[in-house]
>>> print(open('protein.txt').read())   # compact mmCIF, C-alpha atoms
# COMPACT_ATOMS: atom_id res chain seq x y z
CA MET Y 208 -2.78 51.65 9.33
CA LEU Y 209 -4.45 48.25 9.40
CA SER Y 210 -4.15 47.78 13.15
CA PRO Y 211 -5.80 51.08 14.14
CA ALA Y 212 -8.47 50.54 11.48
CA LEU Y 213 -9.35 47.18 12.99
CA ALA Y 214 -9.43 48.68 16.48
CA ASP Y 215 -11.66 51.60 15.45
CA PRO Y 216 -15.27 51.07 16.57
CA ASP Y 217 -16.58 52.86 13.45
CA PRO Y 218 -16.71 51.34 9.96
CA VAL Y 219 -13.40 51.75 8.13
CA VAL Y 220 -12.79 51.07 4.44
CA LEU Y 221 -9.17 50.28 3.57
CA PHE Y 222 -7.92 50.47 -0.01
CA GLU Y 223 -4.72 48.67 -0.94
CA HIS Y 224 -2.70 49.95 -3.85
CA GLY Y 225 -2.03 47.00 -6.15
CA THR Y 226 1.24 48.30 -7.58
CA LEU Y 227 2.75 48.46 -4.10
CA TYR Y 228 2.54 44.67 -3.72
CA ASN Y 229 5.76 44.28 -5.70
CA ALA Y 230 7.60 47.09 -3.90
CA SER Y 231 10.72 46.04 -2.09
CA GLY Y 232 12.94 47.59 0.52
CA GLU Y 233 13.61 47.67 4.21
CA PRO Y 234 10.51 47.62 6.39
CA ALA Y 235 9.77 50.78 8.29
CA PRO Y 236 10.67 50.65 11.97
CA PRO Y 237 7.74 50.08 14.30
CA THR Y 238 6.08 53.32 15.30
CA ALA Y 239 3.48 54.45 17.74
CA ALA Y 240 -0.16 53.90 16.88
CA VAL Y 241 -1.24 55.62 13.69
CA ASP Y 242 -3.81 58.39 14.09
CA LEU Y 243 -6.50 57.74 11.48
CA ASP Y 244 -7.82 61.30 11.70
CA HIS Y 245 -4.68 63.25 10.84
CA ALA Y 246 -2.32 63.56 7.90
CA ALA Y 247 1.42 63.00 8.32
CA ILE Y 248 4.18 65.32 7.20
CA ARG Y 249 6.61 62.89 5.57
CA ARG Y 250 9.15 65.56 4.68
CA PRO Y 251 9.20 69.13 6.02
CA GLY Y 252 9.80 71.95 3.59
CA THR Y 253 9.42 75.68 3.01
CA ASP Y 254 8.96 76.29 -0.74
CA VAL Y 255 6.00 74.17 -1.89
CA SER Y 256 3.53 71.71 -0.34
CA LEU Y 257 3.19 68.39 -2.17
CA ILE Y 258 -0.05 66.78 -1.00
CA THR Y 259 -0.86 63.14 -1.78
CA TYR Y 260 -1.93 59.77 -0.40
CA GLY Y 261 -1.62 56.05 -1.09
CA GLY Y 262 0.39 54.74 -4.01
CA SER Y 263 1.45 58.20 -5.16
CA LEU Y 264 3.48 58.80 -2.01
CA PRO Y 265 6.72 57.10 -3.21
CA LYS Y 266 6.62 59.12 -6.46
CA VAL Y 267 6.01 62.35 -4.56
CA LEU Y 268 8.87 61.63 -2.14
CA ALA Y 269 11.14 60.98 -5.13
CA ALA Y 270 9.97 64.26 -6.68
CA ALA Y 271 10.71 66.09 -3.40
CA GLN Y 272 14.24 64.67 -3.42
CA GLN Y 273 14.73 65.74 -7.04
CA LEU Y 274 13.43 69.21 -6.21
CA ALA Y 275 15.79 69.37 -3.20
CA ASP Y 276 18.69 68.59 -5.53
CA GLU Y 277 17.56 71.63 -7.56
CA GLY Y 278 17.37 73.87 -4.49
CA ILE Y 279 13.58 73.71 -3.95
CA ASP Y 280 12.56 72.67 -0.43
CA ALA Y 281 9.32 70.69 -0.82
CA GLU Y 282 7.11 69.63 2.07
CA VAL Y 283 5.36 66.28 1.54
CA ILE Y 284 2.01 65.67 3.20
CA ASP Y 285 0.63 62.12 3.27
CA LEU Y 286 -3.12 62.52 3.76
CA ARG Y 287 -3.44 58.87 4.89
CA THR Y 288 -7.23 59.23 5.11
CA LEU Y 289 -9.65 61.02 2.83
CA ARG Y 290 -12.55 61.12 5.26
CA PRO Y 291 -12.06 62.77 7.60
CA LEU Y 292 -9.79 65.01 5.54
CA ASP Y 293 -7.22 66.75 7.71
CA GLY Y 294 -7.75 70.32 6.54
CA ALA Y 295 -5.79 71.78 9.45
CA THR Y 296 -2.53 70.08 8.42
CA ILE Y 297 -3.06 71.09 4.80
CA ALA Y 298 -3.82 74.71 5.75
CA ALA Y 299 -0.80 74.90 8.07
CA SER Y 300 1.47 73.59 5.33
CA VAL Y 301 0.13 76.03 2.74
CA ALA Y 302 0.58 78.86 5.27
CA ARG Y 303 4.28 77.88 5.53
CA THR Y 304 5.02 77.30 1.85
CA HIS Y 305 2.46 79.55 0.10
CA ARG Y 306 2.21 77.03 -2.75
CA ALA Y 307 0.43 73.69 -3.20
CA VAL Y 308 0.61 70.76 -5.61
CA VAL Y 309 -2.02 68.06 -5.12
CA VAL Y 310 -1.13 64.64 -6.55
CA ASP Y 311 -3.81 62.00 -7.08
CA GLU Y 312 -4.04 58.92 -9.29
CA ALA Y 313 -7.74 59.50 -9.82
CA TRP Y 314 -9.10 61.48 -12.74
CA ARG Y 315 -8.95 65.24 -12.36
CA THR Y 316 -12.73 65.60 -12.60
CA GLY Y 317 -14.51 64.79 -9.35
CA SER Y 318 -11.39 63.42 -7.68
CA PRO Y 319 -10.08 63.74 -4.13
CA ALA Y 320 -7.57 66.20 -5.65
CA ALA Y 321 -10.49 68.41 -6.65
CA GLU Y 322 -11.81 68.38 -3.08
CA VAL Y 323 -8.41 69.11 -1.56
CA SER Y 324 -7.86 71.93 -4.07
CA ALA Y 325 -11.28 73.39 -3.31
CA ARG Y 326 -10.60 73.32 0.42
CA ILE Y 327 -7.25 75.05 -0.09
CA ALA Y 328 -9.00 77.73 -2.16
CA GLU Y 329 -11.71 78.15 0.48
CA GLU Y 330 -9.56 78.05 3.60
CA SER Y 331 -6.10 79.19 2.51
CA PHE Y 332 -6.69 81.48 -0.47
CA HIS Y 333 -4.92 84.47 1.08
CA ASP Y 334 -1.88 82.34 1.93
CA LEU Y 335 -1.32 81.30 -1.70
CA ASP Y 336 1.30 82.98 -3.87
CA ALA Y 337 0.43 80.81 -6.90
CA PRO Y 338 -2.57 78.84 -8.16
CA VAL Y 339 -3.02 75.34 -6.74
CA GLU Y 340 -1.54 72.77 -9.13
CA ARG Y 341 -3.14 69.35 -9.61
CA VAL Y 342 -1.33 66.32 -10.99
CA CYS Y 343 -3.88 63.62 -11.83
CA SER Y 344 -4.33 60.66 -14.16
CA ALA Y 345 -5.36 61.10 -17.75
CA GLU Y 346 -9.13 60.88 -18.00
CA VAL Y 347 -9.10 57.53 -19.76
CA PRO Y 348 -9.65 53.99 -18.53
CA ILE Y 349 -6.31 52.81 -17.12
CA PRO Y 350 -4.66 50.72 -19.85
CA TYR Y 351 -3.38 47.21 -19.20
CA ALA Y 352 -0.06 47.62 -21.05
CA ARG Y 353 2.59 48.81 -18.60
CA GLN Y 354 3.96 51.60 -20.81
CA LEU Y 355 0.47 52.96 -21.46
CA GLU Y 356 -0.43 52.68 -17.77
CA GLU Y 357 2.67 54.69 -16.85
CA ALA Y 358 1.73 57.29 -19.47
CA ALA Y 359 -1.77 57.63 -17.98
CA LEU Y 360 -0.77 57.80 -14.30
CA PRO Y 361 1.05 60.71 -12.62
CA GLN Y 362 4.80 60.21 -12.55
CA THR Y 363 7.63 61.82 -10.59
CA ALA Y 364 8.52 64.08 -13.53
CA ASP Y 365 4.94 65.37 -13.67
CA VAL Y 366 5.10 66.31 -9.98
CA VAL Y 367 8.43 68.07 -10.47
CA THR Y 368 7.05 70.02 -13.45
CA ALA Y 369 3.96 71.10 -11.49
CA ALA Y 370 6.11 72.15 -8.53
CA HIS Y 371 8.25 74.28 -10.86
CA ARG Y 372 5.12 75.96 -12.23
CA ALA Y 373 4.03 76.76 -8.67
CA VAL Y 374 7.42 78.02 -7.50
CA ASP Y 375 8.67 79.87 -10.59
>>> encode(input="protein.txt", output="structure tokens")
Amino acid sequence: MLSPALADPDPVVLFEHGTLYNASGEPAPPTAAVDLDHAAIRRPGTDVSLITYGGSLPKVLAAAQQLADEGIDAEVIDLRTLRPLDGATIAASVARTHRAVVVDEAWRTGSPAAEVSARIAEESFHDLDAPVERVCSAEVPIPYARQLEEAALPQTADVVTAAHRAVD
């Protein structure tokens, strides 16, 4: 997303997720230019929409795979940008799945997850078969110790648990 951000004539603020610096794996194949105004569906599904962005995406994809192993077909939406927020992609996904889990590493209070949840309630209320679930960080300063940090941040198991609450 760096290349289209640099080419955009408007101001763009890019946040890098520090824990992804140590991530390893095969680089993604080159793709067409990234659209900064629209979310991406990283995994199609029919049972529940898992909505996230940034550093939570790998955990949510892992949760979707775990849910698939359990017979739950989860759609994963990568918001990519928070402003503008792609409400149309979110609404279309909720219309397909009828359930939503919003995953955000920010605190629950006043977070992007709160805004996404509010928009789902405003724009897709009649499509929902269950309340919107939010998986957010504990409302504490993020600890330095790794084990405490992991306890404070949303993890794959938390996403799976929230998805089960939405689906069951």
>>> residues_around(input="protein.txt", residues="region 241-244 of chain Y", least_positions_apart="5", cutoff="12 Å", atoms="only C-alpha atoms", output="PyMOL selection string")
chain Y and resi 208-215+217+219-221+285-296
>>> atom_distance(input="protein.txt", atom1="CA of His305 (chain Y)", atom2="CA of Leu274 (chain Y)")
16.3 Å
>>> closest_residue(input="protein.txt", among="Y:Ile284, Y:Pro234, Y:Ala307, Y:Leu257", to="Ala270 (chain Y)", atoms="all atoms listed in the file")
Y:Leu257
>>> closest_residue(input="protein.txt", among="Y:Val283, Y:Ala369, Y:Ala247, Y:Cys343", to="Arg315 (chain Y)", atoms="only C-alpha atoms")
Y:Cys343
>>> atom_distance(input="protein.txt", atom1="CA of Glu312 (chain Y)", atom2="CA of Leu268 (chain Y)")
15.0 Å
>>> atom_distance(input="protein.txt", atom1="CA of Phe332 (chain Y)", atom2="CA of Ala302 (chain Y)")
9.6 Å
>>> closest_residue(input="protein.txt", among="Y:Ala321, Y:Ala298, Y:Ala269, Y:Ile248", to="His333 (chain Y)", atoms="all atoms listed in the file")
Y:Ala298
>>> residues_near_point(input="protein.txt", point="(15.3, 68.0, 5.5)", cutoff="9 Å", atoms="all atoms listed in the file", output="JSON, numbers by chain")
{"Y": [250, 251, 252, 275, 280]}
>>> write_last_selection(input="protein.txt", atoms="C-alpha atoms", output="PDB file, keeping the file's coordinate frame")
ATOM      1  CA  ARG Y 250       9.150  65.560   4.680  1.00  0.00           C
ATOM      2  CA  PRO Y 251       9.200  69.130   6.020  1.00  0.00           C
ATOM      3  CA  GLY Y 252       9.800  71.950   3.590  1.00  0.00           C
ATOM      4  CA  ALA Y 275      15.790  69.370  -3.200  1.00  0.00           C
ATOM      5  CA  ASP Y 280      12.560  72.670  -0.430  1.00  0.00           C
TER       6      ASP Y 280
END
>>> closest_residue(input="protein.txt", among="Y:Pro350, Y:Gly317, Y:Pro218, Y:Pro265", to="Val366 (chain Y)", atoms="all atoms listed in the file")
Y:Pro265
>>> axis_aligned_box(input="protein.txt", around="region 275-283 of chain Y", padding_each_side="3 Å", output="AutoDock Vina command-line options")
--center_x 12.0 --center_y 70.1 --center_z -2.7 --size_x 19.3 --size_y 13.6 --size_z 15.6
>>> closest_residue(input="protein.txt", among="Y:Gln272, Y:Ser331, Y:Thr368, Y:Ser318", to="Arg249 (chain Y)", atoms="only C-alpha atoms")
Y:Gln272
>>> build_atoms(input="protein.txt", residues="region 279-307 of chain Y", atoms="N, CA and C atoms", output="short mmCIF file (atom, residue, chain, number, x, y, z; two decimals), in the coordinates of the input")
data_model
loop_
_atom_site.label_atom_id
_atom_site.label_comp_id
_atom_site.auth_asym_id
_atom_site.auth_seq_id
_atom_site.Cartn_x
_atom_site.Cartn_y
_atom_site.Cartn_z
N ILE Y 279 14.97 73.42 -4.34
CA ILE Y 279 13.58 73.71 -3.95
C ILE Y 279 13.23 72.81 -2.78
N ASP Y 280 12.86 73.39 -1.66
CA ASP Y 280 12.56 72.67 -0.43
C ASP Y 280 11.07 72.33 -0.39
N ALA Y 281 10.72 71.11 -0.74
CA ALA Y 281 9.32 70.69 -0.82
C ALA Y 281 8.88 69.96 0.44
N GLU Y 282 7.72 70.33 0.94
CA GLU Y 282 7.11 69.63 2.07
C GLU Y 282 6.16 68.59 1.50
N VAL Y 283 6.22 67.36 2.01
CA VAL Y 283 5.36 66.28 1.54
C VAL Y 283 4.36 65.93 2.63
N ILE Y 284 3.09 66.03 2.28
CA ILE Y 284 2.01 65.67 3.20
C ILE Y 284 1.36 64.39 2.69
N ASP Y 285 1.32 63.38 3.54
CA ASP Y 285 0.63 62.12 3.27
C ASP Y 285 -0.73 62.22 3.96
N LEU Y 286 -1.79 62.36 3.18
CA LEU Y 286 -3.12 62.52 3.76
C LEU Y 286 -3.54 61.32 4.60
N ARG Y 287 -3.12 60.14 4.22
CA ARG Y 287 -3.44 58.87 4.89
C ARG Y 287 -4.92 58.55 4.84
N THR Y 288 -5.79 59.47 5.19
CA THR Y 288 -7.23 59.23 5.11
C THR Y 288 -7.86 60.36 4.31
N LEU Y 289 -8.93 60.02 3.61
CA LEU Y 289 -9.65 61.02 2.83
C LEU Y 289 -10.90 61.51 3.54
N ARG Y 290 -11.40 60.70 4.46
CA ARG Y 290 -12.55 61.12 5.26
C ARG Y 290 -12.40 60.53 6.63
N PRO Y 291 -12.11 61.31 7.64
CA PRO Y 291 -12.06 62.77 7.60
C PRO Y 291 -10.78 63.27 6.92
N LEU Y 292 -10.93 64.36 6.19
CA LEU Y 292 -9.79 65.01 5.54
C LEU Y 292 -9.19 66.00 6.52
N ASP Y 293 -7.90 65.92 6.73
CA ASP Y 293 -7.22 66.75 7.71
C ASP Y 293 -6.90 68.13 7.12
N GLY Y 294 -7.91 68.98 7.10
CA GLY Y 294 -7.75 70.32 6.54
C GLY Y 294 -6.79 71.19 7.33
N ALA Y 295 -6.68 70.96 8.62
CA ALA Y 295 -5.79 71.78 9.45
C ALA Y 295 -4.33 71.58 9.06
N THR Y 296 -3.92 70.34 8.82
CA THR Y 296 -2.53 70.08 8.42
C THR Y 296 -2.26 70.66 7.04
N ILE Y 297 -3.21 70.53 6.14
CA ILE Y 297 -3.06 71.09 4.80
C ILE Y 297 -2.93 72.61 4.89
N ALA Y 298 -3.83 73.25 5.63
CA ALA Y 298 -3.82 74.71 5.75
C ALA Y 298 -2.52 75.20 6.40
N ALA Y 299 -2.05 74.50 7.41
CA ALA Y 299 -0.80 74.90 8.07
C ALA Y 299 0.38 74.79 7.12
N SER Y 300 0.39 73.76 6.30
CA SER Y 300 1.47 73.59 5.33
C SER Y 300 1.44 74.70 4.28
N VAL Y 301 0.26 74.98 3.75
CA VAL Y 301 0.13 76.03 2.74
C VAL Y 301 0.51 77.39 3.34
N ALA Y 302 0.19 77.61 4.60
CA ALA Y 302 0.58 78.86 5.27
C ALA Y 302 2.10 78.99 5.35
N ARG Y 303 2.82 77.86 5.47
CA ARG Y 303 4.28 77.88 5.53
C ARG Y 303 4.91 78.05 4.16
N THR Y 304 4.37 77.35 3.16
CA THR Y 304 5.02 77.30 1.85
C THR Y 304 4.43 78.28 0.83
N HIS Y 305 3.18 78.62 0.99
CA HIS Y 305 2.46 79.55 0.10
C HIS Y 305 2.21 78.99 -1.30
N ARG Y 306 2.43 77.69 -1.47
CA ARG Y 306 2.21 77.03 -2.75
C ARG Y 306 1.78 75.59 -2.49
N ALA Y 307 0.92 75.05 -3.40
CA ALA Y 307 0.43 73.69 -3.20
C ALA Y 307 0.34 72.95 -4.53
#
